[in-house]
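Shown next: target_18.cif, containing mmCIF, C-alpha atoms and all ligand atoms.
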data_my_file
#
loop_
_atom_site.group_PDB
_atom_site.id
_atom_site.type_symbol
_atom_site.label_atom_id
_atom_site.label_comp_id
_atom_site.auth_asym_id
_atom_site.auth_seq_id
_atom_site.Cartn_x
_atom_site.Cartn_y
_atom_site.Cartn_z
ATOM 1 C CA MET A 1 70.674 32.855 -15.613
ATOM 2 C CA THR A 2 71.331 35.809 -17.869
ATOM 3 C CA GLN A 3 72.505 35.460 -21.437
ATOM 4 C CA SER A 4 75.058 38.241 -21.497
ATOM 5 C CA SER A 5 76.240 37.209 -24.967
ATOM 6 C CA GLU A 6 72.904 38.219 -26.432
ATOM 7 C CA PRO A 7 72.750 41.984 -26.958
ATOM 8 C CA VAL A 8 69.604 43.686 -25.677
ATOM 9 C CA ARG A 9 68.027 46.207 -28.015
ATOM 10 C CA PRO A 10 67.935 49.817 -26.825
ATOM 11 C CA LEU A 11 64.692 50.732 -25.058
ATOM 12 C CA ASP A 12 62.323 53.531 -26.026
ATOM 13 C CA CYS A 13 60.170 55.368 -23.451
ATOM 14 C CA ASP A 14 57.358 52.791 -23.577
ATOM 15 C CA GLY A 15 59.777 49.913 -23.220
ATOM 16 C CA ALA A 16 61.546 51.646 -20.352
ATOM 17 C CA PHE A 17 58.275 52.308 -18.531
ATOM 18 C CA GLN A 18 57.116 48.718 -19.005
ATOM 19 C CA ARG A 19 60.249 47.499 -17.256
ATOM 20 C CA LEU A 20 60.558 50.228 -14.649
ATOM 21 C CA PHE A 21 58.859 48.368 -11.811
ATOM 22 C CA ASP A 22 60.673 45.121 -12.538
ATOM 23 C CA PHE A 23 63.846 47.182 -12.310
ATOM 24 C CA LEU A 24 62.907 48.791 -8.995
ATOM 25 C CA ASP A 25 61.880 45.400 -7.598
ATOM 26 C CA LYS A 26 65.194 43.844 -8.706
ATOM 27 C CA GLU A 27 63.470 41.416 -11.051
ATOM 28 C CA LEU A 28 65.352 42.321 -14.263
ATOM 29 C CA ASP A 29 68.203 40.357 -15.769
ATOM 30 C CA ALA A 30 71.500 42.219 -15.964
ATOM 31 C CA ALA A 31 71.356 42.979 -19.697
ATOM 32 C CA THR A 32 67.851 44.473 -19.590
ATOM 33 C CA GLU A 33 68.838 46.424 -16.508
ATOM 34 C CA GLN A 34 71.724 47.946 -18.451
ATOM 35 C CA ALA A 35 69.407 48.845 -21.327
ATOM 36 C CA LEU A 36 66.977 50.521 -18.948
ATOM 37 C CA LEU A 37 69.716 52.481 -17.190
ATOM 38 C CA ALA A 38 71.090 53.581 -20.563
ATOM 39 C CA HIS A 39 67.693 54.952 -21.558
ATOM 40 C CA VAL A 40 67.007 56.642 -18.241
ATOM 41 C CA GLN A 41 70.383 58.369 -18.255
ATOM 42 C CA HIS A 42 69.515 60.152 -21.471
ATOM 43 C CA CYS A 43 65.781 60.693 -21.076
ATOM 44 C CA LYS A 44 64.774 63.348 -18.577
ATOM 45 C CA SER A 45 61.092 62.411 -18.374
ATOM 46 C CA CYS A 46 61.794 58.703 -17.779
ATOM 47 C CA PHE A 47 64.492 59.638 -15.272
ATOM 48 C CA ASP A 48 62.058 61.821 -13.311
ATOM 49 C CA ARG A 49 59.423 59.128 -13.336
ATOM 50 C CA ALA A 50 61.898 56.449 -12.254
ATOM 51 C CA GLU A 51 63.203 58.642 -9.446
ATOM 52 C CA PHE A 52 59.685 59.324 -8.226
ATOM 53 C CA GLU A 53 58.744 55.641 -8.211
ATOM 54 C CA ARG A 54 62.025 54.719 -6.518
ATOM 55 C CA ARG A 55 61.464 57.257 -3.745
ATOM 56 C CA PHE A 56 57.848 56.178 -3.375
ATOM 57 C CA LYS A 57 58.842 52.540 -2.972
ATOM 58 C CA ALA A 58 61.467 53.527 -0.390
ATOM 59 C CA ALA A 59 58.861 55.519 1.564
ATOM 60 C CA VAL A 60 56.416 52.587 1.534
ATOM 61 C CA CYS A 61 59.181 50.236 2.663
ATOM 62 C CA ALA A 62 60.136 52.615 5.491
ATOM 63 C CA SER A 63 56.544 52.597 6.763
ATOM 64 C CA ARG A 64 56.956 48.973 7.868
ATOM 65 C CA LYS A 65 58.472 50.176 11.145
ATOM 66 C CA ALA A 66 55.188 51.877 12.009
ATOM 67 C CA GLN A 67 53.326 48.589 11.465
ATOM 68 C CA GLY A 68 54.910 46.154 13.902
ATOM 69 C CA CYS A 69 53.150 43.486 15.929
ATOM 70 C CA PRO A 70 51.479 44.914 19.069
ATOM 71 C CA GLU A 71 53.014 43.724 22.370
ATOM 72 C CA GLU A 72 49.665 42.375 23.516
ATOM 73 C CA LEU A 73 49.412 40.070 20.519
ATOM 74 C CA ARG A 74 53.021 39.000 20.977
ATOM 75 C CA SER A 75 52.286 37.788 24.513
ATOM 76 C CA ARG A 76 49.050 36.162 23.386
ATOM 77 C CA VAL A 77 50.943 34.175 20.745
ATOM 78 C CA MET A 78 53.677 33.225 23.224
ATOM 79 C CA GLN A 79 51.056 32.034 25.709
ATOM 80 C CA ALA A 80 49.286 29.959 23.092
ATOM 81 C CA LEU A 81 52.593 28.416 22.029
ATOM 82 C CA SER A 82 53.542 27.608 25.643
ATOM 83 C CA ALA A 83 50.213 25.886 26.109
ATOM 84 C CA GLU A 84 51.056 23.958 22.967
ATOM 85 C CA GLY A 85 54.358 22.847 24.473
ATOM 86 C CA LEU A 86 56.939 25.369 23.235
ATOM 87 C CA GLY A 87 59.909 25.461 25.590
ATOM 88 C CA ARG A 88 59.080 22.151 27.176
ATOM 89 C CA MET B 1 51.251 17.645 26.257
ATOM 90 C CA THR B 2 52.824 18.057 22.880
ATOM 91 C CA ASP B 3 51.841 16.044 19.864
ATOM 92 C CA THR B 4 55.185 16.489 18.148
ATOM 93 C CA ASP B 5 56.811 13.124 17.656
ATOM 94 C CA THR B 6 60.303 14.258 18.489
ATOM 95 C CA ALA B 7 62.520 11.345 19.435
ATOM 96 C CA THR B 8 64.350 12.742 22.458
ATOM 97 C CA PRO B 9 63.924 15.665 24.836
ATOM 98 C CA ALA B 10 67.225 17.098 23.590
ATOM 99 C CA ALA B 11 66.046 17.048 19.982
ATOM 100 C CA ALA B 12 62.787 18.639 21.066
ATOM 101 C CA ALA B 13 64.684 21.431 22.798
ATOM 102 C CA LEU B 14 66.730 22.052 19.649
ATOM 103 C CA ASP B 15 63.564 22.156 17.580
ATOM 104 C CA HIS B 16 62.038 24.623 19.987
ATOM 105 C CA ASP B 17 65.131 26.805 19.969
ATOM 106 C CA ALA B 18 65.123 26.875 16.176
ATOM 107 C CA PHE B 19 61.446 27.723 16.121
ATOM 108 C CA SER B 20 61.957 30.573 18.563
ATOM 109 C CA ALA B 21 65.027 31.856 16.745
ATOM 110 C CA LEU B 22 63.561 31.672 13.244
ATOM 111 C CA ALA B 23 59.801 31.743 13.269
ATOM 112 C CA LEU B 24 59.232 34.035 16.227
ATOM 113 C CA THR B 25 61.589 36.717 14.941
ATOM 114 C CA ALA B 26 59.276 37.008 11.926
ATOM 115 C CA LEU B 27 56.287 37.962 14.092
ATOM 116 C CA ASP B 28 56.283 41.584 12.893
ATOM 117 C CA ASP B 29 56.383 40.406 9.272
ATOM 118 C CA VAL B 30 53.569 37.906 9.739
ATOM 119 C CA TYR B 31 51.502 40.545 11.522
ATOM 120 C CA ARG B 32 51.952 43.047 8.670
ATOM 121 C CA PHE B 33 51.003 40.430 6.121
ATOM 122 C CA ALA B 34 47.945 39.361 8.141
ATOM 123 C CA ARG B 35 46.881 43.006 8.372
ATOM 124 C CA SER B 36 47.143 43.213 4.596
ATOM 125 C CA LEU B 37 44.722 40.293 4.244
ATOM 126 C CA THR B 38 41.980 41.403 6.597
ATOM 127 C CA ARG B 39 40.338 44.748 7.104
ATOM 128 C CA ASP B 40 39.586 44.058 10.728
ATOM 129 C CA PRO B 41 42.586 44.248 13.120
ATOM 130 C CA SER B 42 41.185 41.585 15.457
ATOM 131 C CA ASP B 43 40.734 39.191 12.501
ATOM 132 C CA ALA B 44 44.376 39.819 11.656
ATOM 133 C CA GLU B 45 45.370 38.959 15.230
ATOM 134 C CA ASP B 46 43.443 35.683 15.007
ATOM 135 C CA VAL B 47 45.213 34.887 11.730
ATOM 136 C CA VAL B 48 48.600 35.540 13.371
ATOM 137 C CA GLN B 49 47.861 33.305 16.338
ATOM 138 C CA GLU B 50 46.486 30.538 14.112
ATOM 139 C CA THR B 51 49.539 30.861 11.856
ATOM 140 C CA TYR B 52 51.956 30.372 14.738
ATOM 141 C CA LEU B 53 50.065 27.440 16.193
ATOM 142 C CA ARG B 54 50.020 25.703 12.825
ATOM 143 C CA ALA B 55 53.636 26.599 12.179
ATOM 144 C CA PHE B 56 54.679 25.155 15.523
ATOM 145 C CA ARG B 57 52.747 21.941 14.940
ATOM 146 C CA SER B 58 54.236 21.464 11.490
ATOM 147 C CA TRP B 59 57.683 22.903 12.201
ATOM 148 C CA LYS B 60 59.217 19.648 10.940
ATOM 149 C CA THR B 61 57.999 20.433 7.432
ATOM 150 C CA PHE B 62 59.981 23.666 7.321
ATOM 151 C CA GLN B 63 63.052 23.211 5.153
ATOM 152 C CA ALA B 64 66.098 24.626 6.896
ATOM 153 C CA GLY B 65 67.909 27.175 4.760
ATOM 154 C CA THR B 66 64.782 28.458 3.006
ATOM 155 C CA ASP B 67 63.078 31.761 3.811
ATOM 156 C CA VAL B 68 61.043 31.207 6.947
ATOM 157 C CA ARG B 69 58.910 34.261 6.212
ATOM 158 C CA ARG B 70 57.747 32.827 2.900
ATOM 159 C CA TRP B 71 56.771 29.604 4.677
ATOM 160 C CA LEU B 72 54.895 31.540 7.375
ATOM 161 C CA PHE B 73 53.176 33.817 4.839
ATOM 162 C CA THR B 74 51.839 30.761 3.040
ATOM 163 C CA ILE B 75 50.485 29.337 6.288
ATOM 164 C CA ALA B 76 48.959 32.726 7.135
ATOM 165 C CA ARG B 77 47.267 32.979 3.755
ATOM 166 C CA ASN B 78 45.738 29.517 4.220
ATOM 167 C CA ALA B 79 44.617 30.356 7.757
ATOM 168 C CA PHE B 80 43.030 33.527 6.420
ATOM 169 C CA LEU B 81 41.189 31.683 3.633
ATOM 170 C CA ARG B 82 39.893 29.102 6.066
ATOM 171 C CA SER B 83 38.675 31.739 8.528
ATOM 172 C CA ARG B 84 36.877 33.502 5.718
ATOM 173 C CA GLU B 85 35.092 30.288 4.747
ATOM 174 C CA ARG B 86 33.760 30.061 8.287
ATOM 175 C CA GLY B 87 32.604 33.658 8.465
ATOM 176 C CA GLN B 88 30.599 35.612 5.953
ATOM 177 C CA ARG B 89 32.222 35.686 2.559
ATOM 178 C CA GLU B 90 33.947 38.951 1.926
ATOM 179 C CA VAL B 91 33.613 39.727 -1.756
ATOM 180 C CA ILE B 92 36.972 39.999 -3.441
ATOM 181 C CA LEU B 93 36.895 43.063 -5.598
ATOM 182 C CA ASP B 94 39.623 42.359 -8.066
ATOM 183 C CA ASP B 95 38.426 45.043 -10.437
ATOM 184 C CA GLU B 96 37.737 47.781 -7.968
ATOM 185 C CA GLY B 97 40.587 49.794 -9.368
ATOM 186 C CA ALA B 98 39.798 49.088 -13.012
ATOM 187 C CA ALA B 99 36.941 51.562 -13.232
ATOM 188 C CA ALA B 100 39.207 54.191 -11.785
ATOM 189 C CA ALA B 101 42.010 53.400 -14.230
ATOM 190 C CA ASP B 102 41.162 56.238 -16.601
ATOM 191 C CA ALA B 103 40.816 58.685 -13.749
ATOM 192 C CA GLU B 104 44.188 57.469 -12.495
ATOM 193 C CA GLN B 105 45.824 58.464 -15.720
ATOM 194 C CA ALA B 106 44.383 61.969 -15.545
ATOM 195 C CA GLN B 107 45.286 62.293 -11.889
ATOM 196 C CA GLU B 108 48.830 61.061 -12.248
ATOM 197 C CA ALA B 109 50.441 64.467 -12.671
ATOM 198 C CA TRP B 110 48.420 65.848 -9.770
ATOM 199 C CA VAL B 111 49.384 62.952 -7.509
ATOM 200 C CA ARG B 112 53.044 62.975 -8.468
ATOM 201 C CA GLY B 113 53.306 66.731 -8.092
ATOM 202 C CA GLY B 114 51.701 66.570 -4.676
ATOM 203 C CA LEU B 115 53.742 63.641 -3.348
ATOM 204 C CA ASP B 116 57.094 64.598 -4.826
ATOM 205 C CA PRO B 117 58.021 67.222 -2.190
ATOM 206 C CA ILE B 118 57.091 65.015 0.781
ATOM 207 C CA LEU B 119 58.346 61.512 -0.067
ATOM 208 C CA ASP B 120 61.578 61.879 1.902
ATOM 209 C CA ARG B 121 59.862 63.010 5.083
ATOM 210 C CA THR B 122 60.438 60.653 7.991
ATOM 211 C CA ASP B 123 56.983 61.278 9.502
ATOM 212 C CA LEU B 124 55.140 59.857 6.496
ATOM 213 C CA GLY B 125 54.747 56.341 7.960
ATOM 214 C CA PRO B 126 51.320 56.804 9.601
ATOM 215 C CA ALA B 127 49.859 58.390 6.447
ATOM 216 C CA ILE B 128 51.166 55.492 4.332
ATOM 217 C CA THR B 129 49.754 52.972 6.814
ATOM 218 C CA ALA B 130 46.358 54.688 6.688
ATOM 219 C CA ALA B 131 46.382 54.867 2.883
ATOM 220 C CA LEU B 132 47.403 51.210 2.644
ATOM 221 C CA ALA B 133 44.517 50.182 4.893
ATOM 222 C CA GLU B 134 42.083 51.611 2.349
ATOM 223 C CA LEU B 135 43.270 49.501 -0.584
ATOM 224 C CA PRO B 136 41.284 46.427 -1.622
ATOM 225 C CA GLU B 137 42.859 43.285 -0.182
ATOM 226 C CA VAL B 138 44.230 41.934 -3.460
ATOM 227 C CA TYR B 139 46.347 45.048 -4.002
ATOM 228 C CA ARG B 140 47.285 45.524 -0.386
ATOM 229 C CA SER B 141 48.629 42.002 0.045
ATOM 230 C CA ALA B 142 50.760 42.273 -3.113
ATOM 231 C CA VAL B 143 52.208 45.647 -2.085
ATOM 232 C CA VAL B 144 52.916 44.468 1.457
ATOM 233 C CA LEU B 145 54.679 41.292 0.310
ATOM 234 C CA VAL B 146 56.889 43.013 -2.273
ATOM 235 C CA ASP B 147 57.440 46.517 -0.883
ATOM 236 C CA LEU B 148 57.338 45.959 2.866
ATOM 237 C CA GLU B 149 58.486 42.359 3.105
ATOM 238 C CA ASP B 150 60.888 42.460 0.165
ATOM 239 C CA GLN B 151 59.649 39.181 -1.313
ATOM 240 C CA PRO B 152 60.528 38.353 -4.939
ATOM 241 C CA TYR B 153 57.587 38.228 -7.395
ATOM 242 C CA GLU B 154 57.864 34.450 -7.551
ATOM 243 C CA ALA B 155 57.494 34.122 -3.763
ATOM 244 C CA ALA B 156 54.553 36.545 -3.685
ATOM 245 C CA ALA B 157 52.894 34.546 -6.453
ATOM 246 C CA GLU B 158 53.280 31.315 -4.521
ATOM 247 C CA VAL B 159 52.049 32.786 -1.233
ATOM 248 C CA LEU B 160 49.019 34.405 -2.874
ATOM 249 C CA GLY B 161 48.316 31.472 -5.203
ATOM 250 C CA ILE B 162 48.354 33.596 -8.376
ATOM 251 C CA PRO B 163 50.569 33.766 -11.500
ATOM 252 C CA VAL B 164 53.599 36.081 -11.496
ATOM 253 C CA GLY B 165 51.923 38.224 -14.169
ATOM 254 C CA THR B 166 49.029 38.861 -11.804
ATOM 255 C CA VAL B 167 51.460 39.867 -9.058
ATOM 256 C CA ARG B 168 52.886 42.416 -11.507
ATOM 257 C CA SER B 169 49.511 43.893 -12.472
ATOM 258 C CA ARG B 170 48.261 43.988 -8.884
ATOM 259 C CA LEU B 171 51.442 45.726 -7.808
ATOM 260 C CA PHE B 172 51.124 48.294 -10.560
ATOM 261 C CA ARG B 173 47.521 49.118 -9.819
ATOM 262 C CA GLY B 174 48.005 48.858 -6.072
ATOM 263 C CA ARG B 175 50.855 51.352 -6.088
ATOM 264 C CA LYS B 176 48.900 53.821 -8.207
ATOM 265 C CA LEU B 177 45.904 53.543 -5.872
ATOM 266 C CA LEU B 178 48.193 53.897 -2.880
ATOM 267 C CA GLN B 179 49.730 57.059 -4.312
ATOM 268 C CA GLN B 180 46.290 58.587 -4.813
ATOM 269 C CA ARG B 181 45.139 57.733 -1.307
ATOM 270 C CA LEU B 182 48.407 58.930 0.174
ATOM 271 C CA ALA B 183 48.118 62.266 -1.625
ATOM 272 C CA GLN B 184 44.629 62.606 -0.212
ATOM 273 C CA HIS B 185 45.741 61.711 3.322
ATOM 274 C CA ALA B 186 48.681 64.075 3.118
ATOM 275 C CA ARG B 187 46.332 66.880 2.090
ATOM 276 C CA ASP B 188 43.870 66.028 4.846
ATOM 277 C CA ALA B 189 46.698 66.039 7.368
ATOM 278 C CA GLY B 190 47.939 69.367 6.057
ATOM 279 C CA ILE B 191 51.280 67.899 4.934
ATOM 280 C CA ILE B 192 50.573 69.014 1.362
ATOM 281 C CA PRO B 193 48.858 72.391 1.024
ATOM 282 C CA ASP B 194 45.360 71.924 -0.390
ATOM 283 C CA GLY B 195 45.033 72.792 -4.055
ATOM 284 C CA ASP B 196 48.793 72.472 -4.525
ATOM 285 C CA ALA B 197 50.311 71.213 -7.780
ATOM 286 C CA GLY B 198 47.497 72.678 -9.877
ATOM 287 C CA ARG B 199 44.744 70.122 -9.712
ATOM 288 C CA GLY B 200 42.626 70.773 -12.792
ATOM 289 C CA GLU B 201 38.948 70.991 -11.902
HETATM 290 ZN ZN ZN A 301 62.139 57.896 -21.972
#
Taking this structure as input, can you express it in the form of structure tokens?
Ligand SMILES: [Zn+2]
Amino acid sequence: MTQSSEPVRPLDCDGAFQRLFDFLDKELDAATEQALLAHVQHCKSCFDRAEFERRFKAAVCASRKAQGCPEELRSRVMQALSAEGLGR
Amino acid sequence: MTDTDTATPAAAALDHDAFSALALTALDDVYRFARSLTRDPSDAEDVVQETYLRAFRSWKTFQAGTDVRRWLFTIARNAFLRSRERGQREVILDDEGAAAADAEQAQEAWVRGGLDPILDRTDLGPAITAALAELPEVYRSAVVLVDLEDQPYEAAAEVLGIPVGTVRSRLFRGRKLLQQRLAQHARDAGIIPDGDAGRGE
């Protein structure tokens, strides 16, 4: 629940940095998110930092495709589950 | 023989279908999380198999409508802890990155400058995987749960058995360490020219 009636104070650079990762991880309430965006729109150094961290997170997320379960393990698990009664 | 106490064969079949449809589609996710917990790939494979056997046996305790991955991650974490009790105790180095924290600060510009031009490359996956493998377990598991598996902080905290604030600090330090290792890997692989971005030495 967000208390939209309560105004959030403007953020300085420290405050923006402290909340940057919560923002990127979608953990901020709407009002704080607005305050962070307002700061970043007018502060070049925080904007650059936020952009870098956003792109880094996206790159890490994209690497998940290269880390899937090996086929051999998949069949091993399926075999173990069959022996346990799956599908019967 | 199955020890599930399902009332009828039809109900058992439904249960099995649901298990296959939900739990088994998360195999890649469980594997990635298991890899984040153990350094050794074959230990990770044992954790995955143990996780699925336990999940199948206790499938009735899964609450329909909740995130099956979160449920499986929790089982995997417990399986991992139990396997570690049996084997030699791996020391958990929670502060491994703390000593390097000052160096991190100084290196930040160097790391950011080096990584900035390459972050959008599509062939970065293997370098990220390699860099991730070098992180201490406590950081790796937090980064994998939140960045790769898209779990909310609260879910990561529950799976790892730590407060949300600890998830936050592990993520912060883990990402910084990951950036440093990635910059190093990218240089070693020739993706970033060596000595680029003016490393002060
Ligand atoms: Zn700023």
Exercise. Ligand ZN 301 (chain A): which residues are within 7 Å, counting all atoms listed in the file, as a PyMOL selection string?
Worked result: chain A and resi 12-13+16+39-40+43-46
For this session: Could you please select, counting all atoms listed in the file, the residues of chain A within 6 Å of chain B and state them as JSON, numbers by chain?
Result: {"A": [61, 63, 64, 68, 69, 77, 85]}
Seminar exercise, completed: Among B:Leu81, B:Ala55, B:Val68, B:Ala10, Thr25 (chain B) is approached most closely, using only C-alpha atoms, by B:Val68
For this session: Take the point (59.5, 44.2, -14.7) as written in the file and pick out every residue within 12 Å of it, counting all atoms listed in the file; give the list as a ChimeraX atom specification.
Result: /A:15-29,32-33,36 /B:152-153,164-165,167-169,171-172
Output file for the residues above (C-alpha atoms, as a PDB file, keeping the file's coordinate frame):
ATOM      1  CA  GLY A  15      59.777  49.913 -23.220  1.00  0.00           C
ATOM      2  CA  ALA A  16      61.546  51.646 -20.352  1.00  0.00           C
ATOM      3  CA  PHE A  17      58.275  52.308 -18.531  1.00  0.00           C
ATOM      4  CA  GLN A  18      57.116  48.718 -19.005  1.00  0.00           C
ATOM      5  CA  ARG A  19      60.249  47.499 -17.256  1.00  0.00           C
ATOM      6  CA  LEU A  20      60.558  50.228 -14.649  1.00  0.00           C
ATOM      7  CA  PHE A  21      58.859  48.368 -11.811  1.00  0.00           C
ATOM      8  CA  ASP A  22      60.673  45.121 -12.538  1.00  0.00           C
ATOM      9  CA  PHE A  23      63.846  47.182 -12.310  1.00  0.00           C
ATOM     10  CA  LEU A  24      62.907  48.791  -8.995  1.00  0.00           C
ATOM     11  CA  ASP A  25      61.880  45.400  -7.598  1.00  0.00           C
ATOM     12  CA  LYS A  26      65.194  43.844  -8.706  1.00  0.00           C
ATOM     13  CA  GLU A  27      63.470  41.416 -11.051  1.00  0.00           C
ATOM     14  CA  LEU A  28      65.352  42.321 -14.263  1.00  0.00           C
ATOM     15  CA  ASP A  29      68.203  40.357 -15.769  1.00  0.00           C
ATOM     16  CA  THR A  32      67.851  44.473 -19.590  1.00  0.00           C
ATOM     17  CA  GLU A  33      68.838  46.424 -16.508  1.00  0.00           C
ATOM     18  CA  LEU A  36      66.977  50.521 -18.948  1.00  0.00           C
TER      19      LEU A  36
ATOM     20  CA  PRO B 152      60.528  38.353  -4.939  1.00  0.00           C
ATOM     21  CA  TYR B 153      57.587  38.228  -7.395  1.00  0.00           C
ATOM     22  CA  VAL B 164      53.599  36.081 -11.496  1.00  0.00           C
ATOM     23  CA  GLY B 165      51.923  38.224 -14.169  1.00  0.00           C
ATOM     24  CA  VAL B 167      51.460  39.867  -9.058  1.00  0.00           C
ATOM     25  CA  ARG B 168      52.886  42.416 -11.507  1.00  0.00           C
ATOM     26  CA  SER B 169      49.511  43.893 -12.472  1.00  0.00           C
ATOM     27  CA  LEU B 171      51.442  45.726  -7.808  1.00  0.00           C
ATOM     28  CA  PHE B 172      51.124  48.294 -10.560  1.00  0.00           C
TER      29      PHE B 172
END
For this session: Can you work out the spacing between CA of Arg49 (chain A) and CA of Val111 (chain B) in Å, to one decimal?
Result: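 Answer for the CA of Arg49 (chain A) to CA of Val111 (chain B) separation: 12.2 Å.
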